[in-house]
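See below for target34.cif, which holds mmCIF, C-alpha atoms.
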data_query
loop_
_atom_site.label_atom_id
_atom_site.label_comp_id
_atom_site.auth_asym_id
_atom_site.auth_seq_id
_atom_site.Cartn_x
_atom_site.Cartn_y
_atom_site.Cartn_z
CA MET I 1 -2.03 -18.00 13.05
CA GLU I 2 -2.38 -17.79 9.27
CA LYS I 3 -0.95 -20.50 7.05
CA LYS I 4 1.99 -19.08 5.10
CA GLU I 5 2.65 -20.05 1.47
CA LEU I 6 6.40 -20.41 1.09
CA VAL I 7 8.83 -20.51 -1.81
CA LEU I 8 12.07 -22.27 -0.84
CA GLY I 9 15.57 -21.98 -2.27
CA LYS I 10 17.55 -19.41 -4.26
CA ASN I 11 16.55 -20.59 -7.73
CA ALA I 12 12.88 -21.05 -6.89
CA VAL I 13 12.65 -17.60 -5.31
CA ARG I 14 14.47 -16.05 -8.27
CA GLU I 15 11.99 -17.72 -10.66
CA ALA I 16 9.07 -16.55 -8.53
CA ILE I 17 10.29 -12.95 -8.77
CA ALA I 18 10.74 -13.28 -12.54
CA ALA I 19 7.20 -14.66 -12.83
CA GLN I 20 5.92 -11.60 -10.91
CA THR I 21 4.54 -13.76 -8.12
CA ALA I 22 3.07 -11.59 -5.37
CA ILE I 23 5.71 -11.89 -2.65
CA GLN I 24 5.28 -10.23 0.73
CA LYS I 25 8.91 -10.53 1.86
CA ILE I 26 12.06 -12.59 1.44
CA PHE I 27 14.15 -13.98 4.29
CA ILE I 28 17.85 -14.71 3.69
CA SER I 29 19.97 -16.56 6.21
CA GLU I 30 22.71 -14.56 7.89
CA THR I 31 25.02 -17.51 7.22
CA LEU I 32 24.93 -16.93 3.44
CA ASP I 33 27.64 -14.79 1.89
CA LYS I 34 26.29 -11.44 0.70
CA GLU I 35 28.09 -11.81 -2.63
CA GLU I 36 26.31 -15.13 -3.16
CA THR I 37 22.88 -13.52 -2.82
CA LYS I 38 23.67 -10.15 -4.42
CA LEU I 39 21.75 -10.86 -7.65
CA LEU I 40 18.72 -12.19 -5.78
CA VAL I 41 18.64 -9.15 -3.50
CA ARG I 42 18.93 -6.81 -6.48
CA LEU I 43 16.06 -8.55 -8.29
CA ALA I 44 13.89 -8.47 -5.17
CA ARG I 45 14.47 -4.82 -4.39
CA GLY I 46 13.96 -3.91 -8.03
CA SER I 47 10.52 -5.47 -7.72
CA GLY I 48 9.77 -3.64 -4.48
CA ILE I 49 10.04 -6.76 -2.31
CA PRO I 50 11.50 -6.30 1.19
CA VAL I 51 14.54 -8.48 1.94
CA LEU I 52 15.46 -9.35 5.53
CA ARG I 53 18.59 -11.13 6.78
CA VAL I 54 17.66 -13.41 9.66
CA PRO I 55 19.20 -16.23 11.72
CA LYS I 56 19.11 -19.62 9.98
CA SER I 57 17.09 -20.93 12.92
CA LYS I 58 14.18 -18.70 11.88
CA LEU I 59 14.15 -20.27 8.41
CA ASP I 60 14.35 -23.74 9.95
CA ARG I 61 11.24 -22.93 11.99
CA LEU I 62 9.42 -21.74 8.86
CA SER I 63 10.13 -24.93 6.93
CA ARG I 64 11.59 -28.34 7.72
CA PHE I 65 12.50 -28.80 4.05
CA ASN I 66 15.80 -27.75 2.44
CA HIS I 67 15.51 -23.99 1.96
CA GLN I 68 19.16 -23.27 1.02
CA GLY I 69 19.03 -20.23 3.29
CA VAL I 70 16.37 -18.42 1.25
CA VAL I 71 12.62 -18.34 1.94
CA ALA I 72 10.00 -16.14 0.28
CA ILE I 73 6.59 -15.59 1.82
CA THR I 74 3.95 -15.02 -0.80
CA ALA I 75 1.32 -12.33 -0.38
CA SER I 76 -2.31 -13.25 0.21
CA ILE I 77 -3.35 -11.21 -2.84
CA PRO I 78 -1.67 -10.22 -6.12
CA PHE I 79 -0.19 -6.75 -6.42
CA HIS I 80 -0.91 -4.47 -9.38
CA GLN I 81 1.24 -1.95 -11.22
CA VAL I 82 -0.07 1.51 -10.37
CA GLN I 83 0.55 2.82 -13.89
CA ASN I 84 -1.37 -0.08 -15.44
CA LEU I 85 -4.26 0.44 -13.03
CA VAL I 86 -4.58 4.14 -13.81
CA ASP I 87 -4.11 3.72 -17.57
CA GLY I 88 -6.77 1.01 -17.64
CA LEU I 89 -9.29 3.21 -15.83
CA PHE I 90 -8.65 6.14 -18.18
CA LEU I 91 -9.15 3.83 -21.18
CA GLN I 92 -12.57 2.91 -19.76
CA GLY I 93 -13.47 6.59 -19.45
CA ILE I 94 -13.24 6.46 -15.65
CA ALA I 95 -11.57 9.20 -13.61
CA PRO I 96 -9.31 7.20 -11.26
CA ALA I 97 -9.57 7.61 -7.50
CA VAL I 98 -6.77 5.97 -5.53
CA ALA I 99 -6.14 5.89 -1.78
CA VAL I 100 -2.47 6.19 -0.83
CA CYS I 101 -1.34 4.80 2.53
CA ASP I 102 1.82 6.58 3.68
CA GLY I 103 3.25 4.78 6.69
CA ILE I 104 0.03 3.03 7.75
CA SER I 105 1.60 0.16 9.68
CA ASP I 106 -1.32 -1.04 11.81
CA VAL I 107 -2.95 -3.94 10.01
CA ARG I 108 -6.43 -3.22 11.40
CA ASN I 109 -6.31 0.40 10.30
CA PHE I 110 -5.07 -0.66 6.88
CA GLY I 111 -7.86 -3.21 6.51
CA ALA I 112 -10.48 -0.68 7.61
CA ILE I 113 -9.15 1.88 5.10
CA ALA I 114 -9.39 -0.71 2.33
CA ARG I 115 -12.95 -1.55 3.37
CA SER I 116 -14.04 2.12 3.26
CA ALA I 117 -12.26 2.65 -0.07
CA GLU I 118 -14.17 -0.22 -1.64
CA VAL I 119 -17.50 0.74 -0.07
CA PHE I 120 -17.32 4.34 -1.31
CA GLY I 121 -16.19 3.53 -4.83
CA LEU I 122 -12.46 4.19 -4.96
CA HIS I 123 -10.57 2.18 -7.53
CA GLY I 124 -7.43 1.05 -5.74
CA LEU I 125 -4.84 1.40 -2.99
CA LEU I 126 -1.19 2.38 -3.25
CA ILE I 127 1.20 1.33 -0.50
CA GLY I 128 4.96 1.35 0.04
CA THR I 129 7.22 -1.46 1.15
CA LYS I 130 8.56 0.36 4.23
CA ASN I 131 6.49 1.06 7.35
CA SER I 132 3.44 -0.50 5.72
CA ALA I 133 1.06 -3.05 7.19
CA PRO I 134 1.43 -6.54 5.72
CA VAL I 135 -1.21 -7.57 3.23
CA ASN I 136 -2.08 -10.82 4.95
CA SER I 137 -5.09 -12.76 6.16
CA GLU I 138 -5.49 -10.46 9.17
CA ALA I 139 -5.64 -7.43 6.87
CA ILE I 140 -8.14 -9.18 4.62
CA LYS I 141 -10.29 -10.02 7.64
CA ALA I 142 -10.13 -6.40 8.88
CA SER I 143 -11.19 -5.25 5.41
CA SER I 144 -14.22 -7.59 5.45
CA GLY I 145 -12.85 -9.09 2.25
CA ALA I 146 -12.46 -5.78 0.40
CA LEU I 147 -8.78 -6.51 -0.24
CA MET I 148 -9.80 -9.51 -2.32
CA SER I 149 -11.46 -7.25 -4.91
CA LEU I 150 -9.86 -3.81 -4.53
CA PRO I 151 -6.60 -3.58 -6.52
CA VAL I 152 -3.55 -2.99 -4.33
CA CYS I 153 -0.41 -1.46 -5.83
CA ARG I 154 2.92 -1.62 -4.02
CA GLU I 155 5.92 0.60 -4.72
CA LYS I 156 9.38 0.29 -3.23
CA ASN I 157 9.56 4.09 -3.31
CA LEU I 158 6.13 5.46 -2.39
CA LEU I 159 7.06 8.97 -3.51
CA HIS I 160 7.85 7.58 -6.96
CA GLY I 161 4.40 5.97 -7.07
CA VAL I 162 2.74 9.24 -6.05
CA ARG I 163 4.68 11.08 -8.74
CA GLN I 164 3.47 8.52 -11.28
CA LEU I 165 -0.10 9.32 -10.26
CA LYS I 166 0.56 13.05 -10.52
CA ASP I 167 2.23 12.70 -13.92
CA SER I 168 -0.79 10.70 -15.10
CA GLY I 169 -3.06 13.62 -14.28
CA LEU I 170 -4.33 12.73 -10.82
CA VAL I 171 -4.74 15.52 -8.27
CA ILE I 172 -2.70 14.69 -5.16
CA LEU I 173 -4.81 15.48 -2.08
CA CYS I 174 -3.01 15.06 1.24
CA ALA I 175 -5.11 14.74 4.38
CA SER I 176 -3.87 16.76 7.35
CA GLU I 177 -5.43 17.75 10.65
CA ARG I 178 -3.40 20.97 10.44
CA ALA I 179 -4.83 22.02 7.07
CA ASP I 180 -6.58 25.38 6.76
CA LYS I 181 -8.94 24.05 4.10
CA SER I 182 -11.83 21.64 4.64
CA VAL I 183 -12.17 18.66 2.31
CA ARG I 184 -15.62 20.03 1.43
CA GLU I 185 -13.91 22.99 -0.22
CA VAL I 186 -11.95 20.72 -2.55
CA ASP I 187 -13.27 19.54 -5.92
CA LEU I 188 -13.16 15.75 -5.69
CA CYS I 189 -14.78 15.20 -9.09
CA ARG I 190 -11.39 14.88 -10.77
CA PRO I 191 -8.82 12.11 -11.19
CA LEU I 192 -7.69 11.90 -7.59
CA ALA I 193 -5.24 10.40 -5.13
CA ILE I 194 -6.13 10.77 -1.45
CA VAL I 195 -3.00 10.43 0.70
CA LEU I 196 -3.36 9.29 4.31
CA GLY I 197 -0.44 9.48 6.73
CA SER I 198 0.36 7.63 9.92
CA GLU I 199 -1.31 8.78 13.13
CA GLY I 200 2.06 9.57 14.65
CA THR I 201 3.64 11.74 11.97
CA GLY I 202 1.00 12.31 9.29
CA VAL I 203 1.82 12.48 5.60
CA SER I 204 5.57 12.59 5.00
CA ALA I 205 7.18 15.92 4.10
CA GLU I 206 8.40 14.61 0.75
CA ILE I 207 4.88 13.69 -0.36
CA LEU I 208 3.40 16.90 1.03
CA ALA I 209 5.91 18.72 -1.18
CA VAL I 210 4.27 17.33 -4.35
CA ALA I 211 0.66 17.75 -3.13
CA ASP I 212 -1.81 19.77 -5.20
CA GLU I 213 -4.22 20.10 -2.28
CA VAL I 214 -3.96 19.74 1.50
CA ALA I 215 -7.25 19.46 3.35
CA GLY I 216 -8.69 18.28 6.62
CA ILE I 217 -11.95 17.39 8.34
CA PRO I 218 -13.62 20.01 10.56
CA THR I 219 -13.57 18.83 14.19
CA PRO I 220 -15.51 21.18 16.50
CA GLY I 221 -15.09 18.90 19.51
CA LYS I 222 -12.40 19.13 22.17
CA ILE I 223 -10.41 16.25 20.70
CA GLN I 224 -8.88 17.57 17.50
CA SER I 225 -7.80 14.34 15.81
CA LEU I 226 -9.41 11.21 14.40
CA ASN I 227 -8.23 7.65 14.03
CA VAL I 228 -6.76 7.42 10.51
CA SER I 229 -9.23 4.78 9.36
CA VAL I 230 -12.17 6.88 10.60
CA ALA I 231 -10.76 9.93 8.83
CA ALA I 232 -10.34 7.86 5.67
CA GLY I 233 -13.99 6.80 5.78
CA ILE I 234 -15.13 10.43 6.05
CA LEU I 235 -12.88 11.55 3.18
CA PHE I 236 -14.00 8.68 0.96
CA TYR I 237 -17.65 9.37 1.78
CA GLU I 238 -17.18 12.99 0.73
CA TYR I 239 -15.62 11.74 -2.52
CA MET I 240 -18.67 9.56 -3.14
CA LEU I 241 -21.12 12.39 -2.35
CA GLN I 242 -19.47 14.82 -4.73
CA ASN I 243 -19.25 12.31 -7.56
CA ARG I 244 -22.78 11.00 -7.07
CA SER I 245 -24.16 14.51 -7.55
CA GLU I 246 -22.32 14.94 -10.84
#

Take the structure in this file and express it as structure tokens.
Amino acid sequence: MEKKELVLGKNAVREAIAAQTAIQKIFISETLDKEETKLLVRLARGSGIPVLRVPKSKLDRLSRFNHQGVVAITASIPFHQVQNLVDGLFLQGIAPAVAVCDGISDVRNFGAIARSAEVFGLHGLLIGTKNSAPVNSEAIKASSGALMSLPVCREKNLLHGVRQLKDSGLVILCASERADKSVREVDLCRPLAIVLGSEGTGVSAEILAVADEVAGIPTPGKIQSLNVSVAAGILFYEYMLQNRSE
């Protein structure tokens, strides 16, 4: 089991949020009055940090010290602002390429996607706070350490983050096994966001609605679908091939 870095107490957690500490989630005891923690919850959610109300016994198991009913678990890596990431790349004369994980909740798949993104030269990952794999030591291990160097951006509202990318000039390419177009038919030598959906439901309808391109991977075999991390590796490899030939 990984060692968790904890921030204990209402004031300490509030200060950690204000200091933009990378926080994975915040636990609040069910025994605390909601009015008492309203400001803290608002600050956390405004920063895209999940807040969970749990039995006090869970917090007691996390720490034997006085936690005042509030415990924050820090993330294993810092999170970046997606707008800052993209703006910085443009300033360097680099066309940004960002992988977007929409509902990728399996930590091994998430880590493998991060590994392929780093290997094939993408510049960052964008994830949401809901239905997303935790960015923890298991994810870092599954990524072979790629998550330690590849910038990860986290948005409370993933659609908002995707719209930020689109408004910044990135082409939104959604991967879908039901697409009529092959990824090889798409120009990937542009500022680009490659959106990957969960294996169960695929890319969400709301993100598909803002897509510029929807493409898939030809699969002539009898089994028509790929594991999402395998599909990601193929898509990222195609991105690298097209940009290497430029």

Could I get the residues of range 69-179 of chain I with an atom no further than 9 Å from an atom of range 197-216 of chain I, each paired with its nearest atom pair and that distance in Å to one decimal, using all atoms listed in the file, sorted by chain and residue number, as a Markdown table?
| residue | atom | partner | partner_atom | distance |
| --- | --- | --- | --- | --- |
| I:Val100 | CA | I:Gly197 | CA | 8.5 |
| I:Cys101 | CA | I:Gly197 | CA | 6.4 |
| I:Asp102 | CA | I:Gly197 | CA | 4.8 |
| I:Gly103 | CA | I:Ser198 | CA | 5.2 |
| I:Ile104 | CA | I:Ser198 | CA | 5.1 |
| I:Ser105 | CA | I:Ser198 | CA | 7.6 |
| I:Leu158 | CA | I:Ile207 | CA | 8.6 |
| I:Leu159 | CA | I:Ile207 | CA | 6.1 |
| I:Val162 | CA | I:Ile207 | CA | 7.5 |
| I:Arg163 | CA | I:Val210 | CA | 7.6 |
| I:Lys166 | CA | I:Val210 | CA | 8.4 |
| I:Val171 | CA | I:Asp212 | CA | 6.0 |
| I:Ile172 | CA | I:Ala211 | CA | 5.0 |
| I:Leu173 | CA | I:Glu213 | CA | 4.7 |
| I:Cys174 | CA | I:Val214 | CA | 4.8 |
| I:Ala175 | CA | I:Ala215 | CA | 5.3 |
| I:Ser176 | CA | I:Gly216 | CA | 5.1 |
| I:Glu177 | CA | I:Gly216 | CA | 5.2 |
| I:Arg178 | CA | I:Gly216 | CA | 7.1 |
| I:Ala179 | CA | I:Ala215 | CA | 5.1 |

Next, write the just-selected residues to a file, as a compact mmCIF listing (two decimals), in the coordinates of the input, keeping C-alpha atoms as the atom set.
# COMPACT_ATOMS: atom_id res chain seq x y z
CA VAL I 100 -2.47 6.19 -0.83
CA CYS I 101 -1.34 4.80 2.53
CA ASP I 102 1.82 6.58 3.68
CA GLY I 103 3.25 4.78 6.69
CA ILE I 104 0.03 3.03 7.75
CA SER I 105 1.60 0.16 9.68
CA LEU I 158 6.13 5.46 -2.39
CA LEU I 159 7.06 8.97 -3.51
CA VAL I 162 2.74 9.24 -6.05
CA ARG I 163 4.68 11.08 -8.74
CA LYS I 166 0.56 13.05 -10.52
CA VAL I 171 -4.74 15.52 -8.27
CA ILE I 172 -2.70 14.69 -5.16
CA LEU I 173 -4.81 15.48 -2.08
CA CYS I 174 -3.01 15.06 1.24
CA ALA I 175 -5.11 14.74 4.38
CA SER I 176 -3.87 16.76 7.35
CA GLU I 177 -5.43 17.75 10.65
CA ARG I 178 -3.40 20.97 10.44
CA ALA I 179 -4.83 22.02 7.07

* Applied to the shown file, which residues does the PyMOL selection byres ((chain I and resi 137-142) around 6) return, written as an NGL selection string? -> :I and (107-108 or 111-112 or 135-136 or 143-145 or 147)

* So which residues get picked by the PyMOL selection byres ((chain I and resi 76) around 9) here, written as a PyMOL selection string? -> chain I and resi 4-5+22-24+74-75+77-78+135-137+140+148

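For the pair CA of Leu188 in chain I and CA of Ala146 in chain I, the separation is 22.4 Å.
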
Leaving out Ile113 in chain I and any residue of its chain fewer than 2 positions from it, which residues lie within 7 Å of it when counting only C-alpha atoms, given as an mmCIF file with C-alpha atoms, keeping the file's coordinate frame?
data_model
loop_
_atom_site.group_PDB
_atom_site.id
_atom_site.type_symbol
_atom_site.label_atom_id
_atom_site.label_comp_id
_atom_site.auth_asym_id
_atom_site.auth_seq_id
_atom_site.Cartn_x
_atom_site.Cartn_y
_atom_site.Cartn_z
ATOM 1 C CA ASN I 109 -6.310 0.400 10.300
ATOM 2 C CA PHE I 110 -5.070 -0.660 6.880
ATOM 3 C CA GLY I 111 -7.860 -3.210 6.510
ATOM 4 C CA ARG I 115 -12.950 -1.550 3.370
ATOM 5 C CA SER I 116 -14.040 2.120 3.260
ATOM 6 C CA ALA I 117 -12.260 2.650 -0.070
ATOM 7 C CA SER I 229 -9.230 4.780 9.360
ATOM 8 C CA ALA I 232 -10.340 7.860 5.670
ATOM 9 C CA GLY I 233 -13.990 6.800 5.780
#

* Between I:Leu6, I:Leu165, I:Ala133, I:Leu52, which has the minimum distance to Asn84 in chain I (counting all atoms listed in the file)? ->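 Answer, going by the shortest atom-to-atom distance: I:Leu165.
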
Target residues per the PyMOL selection byres ((chain I and resi 14) around 12), formatted as an mmCIF file with C-alpha atoms, in the coordinates of the input:
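Listed below is the output, part20.cif:
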data_model
loop_
_atom_site.group_PDB
_atom_site.id
_atom_site.type_symbol
_atom_site.label_atom_id
_atom_site.label_comp_id
_atom_site.auth_asym_id
_atom_site.auth_seq_id
_atom_site.Cartn_x
_atom_site.Cartn_y
_atom_site.Cartn_z
ATOM 1 C CA VAL I 7 8.830 -20.510 -1.810
ATOM 2 C CA LEU I 8 12.070 -22.270 -0.840
ATOM 3 C CA GLY I 9 15.570 -21.980 -2.270
ATOM 4 C CA LYS I 10 17.550 -19.410 -4.260
ATOM 5 C CA ASN I 11 16.550 -20.590 -7.730
ATOM 6 C CA ALA I 12 12.880 -21.050 -6.890
ATOM 7 C CA VAL I 13 12.650 -17.600 -5.310
ATOM 8 C CA GLU I 15 11.990 -17.720 -10.660
ATOM 9 C CA ALA I 16 9.070 -16.550 -8.530
ATOM 10 C CA ILE I 17 10.290 -12.950 -8.770
ATOM 11 C CA ALA I 18 10.740 -13.280 -12.540
ATOM 12 C CA ALA I 19 7.200 -14.660 -12.830
ATOM 13 C CA GLN I 20 5.920 -11.600 -10.910
ATOM 14 C CA THR I 21 4.540 -13.760 -8.120
ATOM 15 C CA ILE I 23 5.710 -11.890 -2.650
ATOM 16 C CA ILE I 26 12.060 -12.590 1.440
ATOM 17 C CA THR I 37 22.880 -13.520 -2.820
ATOM 18 C CA LYS I 38 23.670 -10.150 -4.420
ATOM 19 C CA LEU I 39 21.750 -10.860 -7.650
ATOM 20 C CA LEU I 40 18.720 -12.190 -5.780
ATOM 21 C CA VAL I 41 18.640 -9.150 -3.500
ATOM 22 C CA ARG I 42 18.930 -6.810 -6.480
ATOM 23 C CA LEU I 43 16.060 -8.550 -8.290
ATOM 24 C CA ALA I 44 13.890 -8.470 -5.170
ATOM 25 C CA ARG I 45 14.470 -4.820 -4.390
ATOM 26 C CA SER I 47 10.520 -5.470 -7.720
ATOM 27 C CA ILE I 49 10.040 -6.760 -2.310
ATOM 28 C CA VAL I 70 16.370 -18.420 1.250
ATOM 29 C CA VAL I 71 12.620 -18.340 1.940
ATOM 30 C CA ALA I 72 10.000 -16.140 0.280
#

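Minimum distance to Ala114 in chain I across I:Ala193, I:Leu62, I:Phe236, I:Glu185 (counting only C-alpha atoms) occurs at I:Phe236.
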
* One-decimal distance in Å that lies between CA of Leu126 in chain I and CA of Ile28 in chain I -> 26.5 Å

* CA of Pro134 in chain I and CA of Arg61 in chain I, how far apart in Å? ->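 Value for the CA of Arg61 in chain I-CA of Pro134 in chain I distance: 20.1 Å.
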
Selection near Gln164 in chain I, 10 Å with all atoms listed in the file, sequence-local residues under 4 positions removed, as a CSV table (one decimal) with C-alpha atoms, in the frame of the given file:
chain,number,residue,atom,x,y,z
I,82,VAL,CA,-0.1,1.5,-10.4
I,83,GLN,CA,0.6,2.8,-13.9
I,86,VAL,CA,-4.6,4.1,-13.8
I,158,LEU,CA,6.1,5.5,-2.4
I,159,LEU,CA,7.1,9.0,-3.5
I,160,HIS,CA,7.8,7.6,-7.0
I,168,SER,CA,-0.8,10.7,-15.1
I,169,GLY,CA,-3.1,13.6,-14.3
I,170,LEU,CA,-4.3,12.7,-10.8

* Structure fact -> Shortest contact to Phe120 in chain I, candidates I:Ser132, I:Val195, I:Val183, I:Ala99, atoms counted only C-alpha atoms, goes to I:Ala99

* Tell me which protein, DNA and RNA residues are within 8 Å of Asn157 in chain I, counting all atoms listed in the file, leaving out same-chain ones fewer than 3 positions away, and put them as a list in words. => Gly48, Gly128, Thr129, His160 and Gly161 of chain I

* Go ahead and find all residues with at least one atom no further than 7 Å from (-8.5, 6.6, -4.9) in the file's coordinates, using only C-alpha atoms; report them as an MDAnalysis selection string. => chainID I and resid 96:99 122:125 192:194

* Nearest residue to Arg184 in chain I from the set I:Met240, I:Gly121, I:Asn131, I:Lys56 (distances using all atoms listed in the file) ->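 Closest residue, counting all atoms listed in the file: I:Met240.
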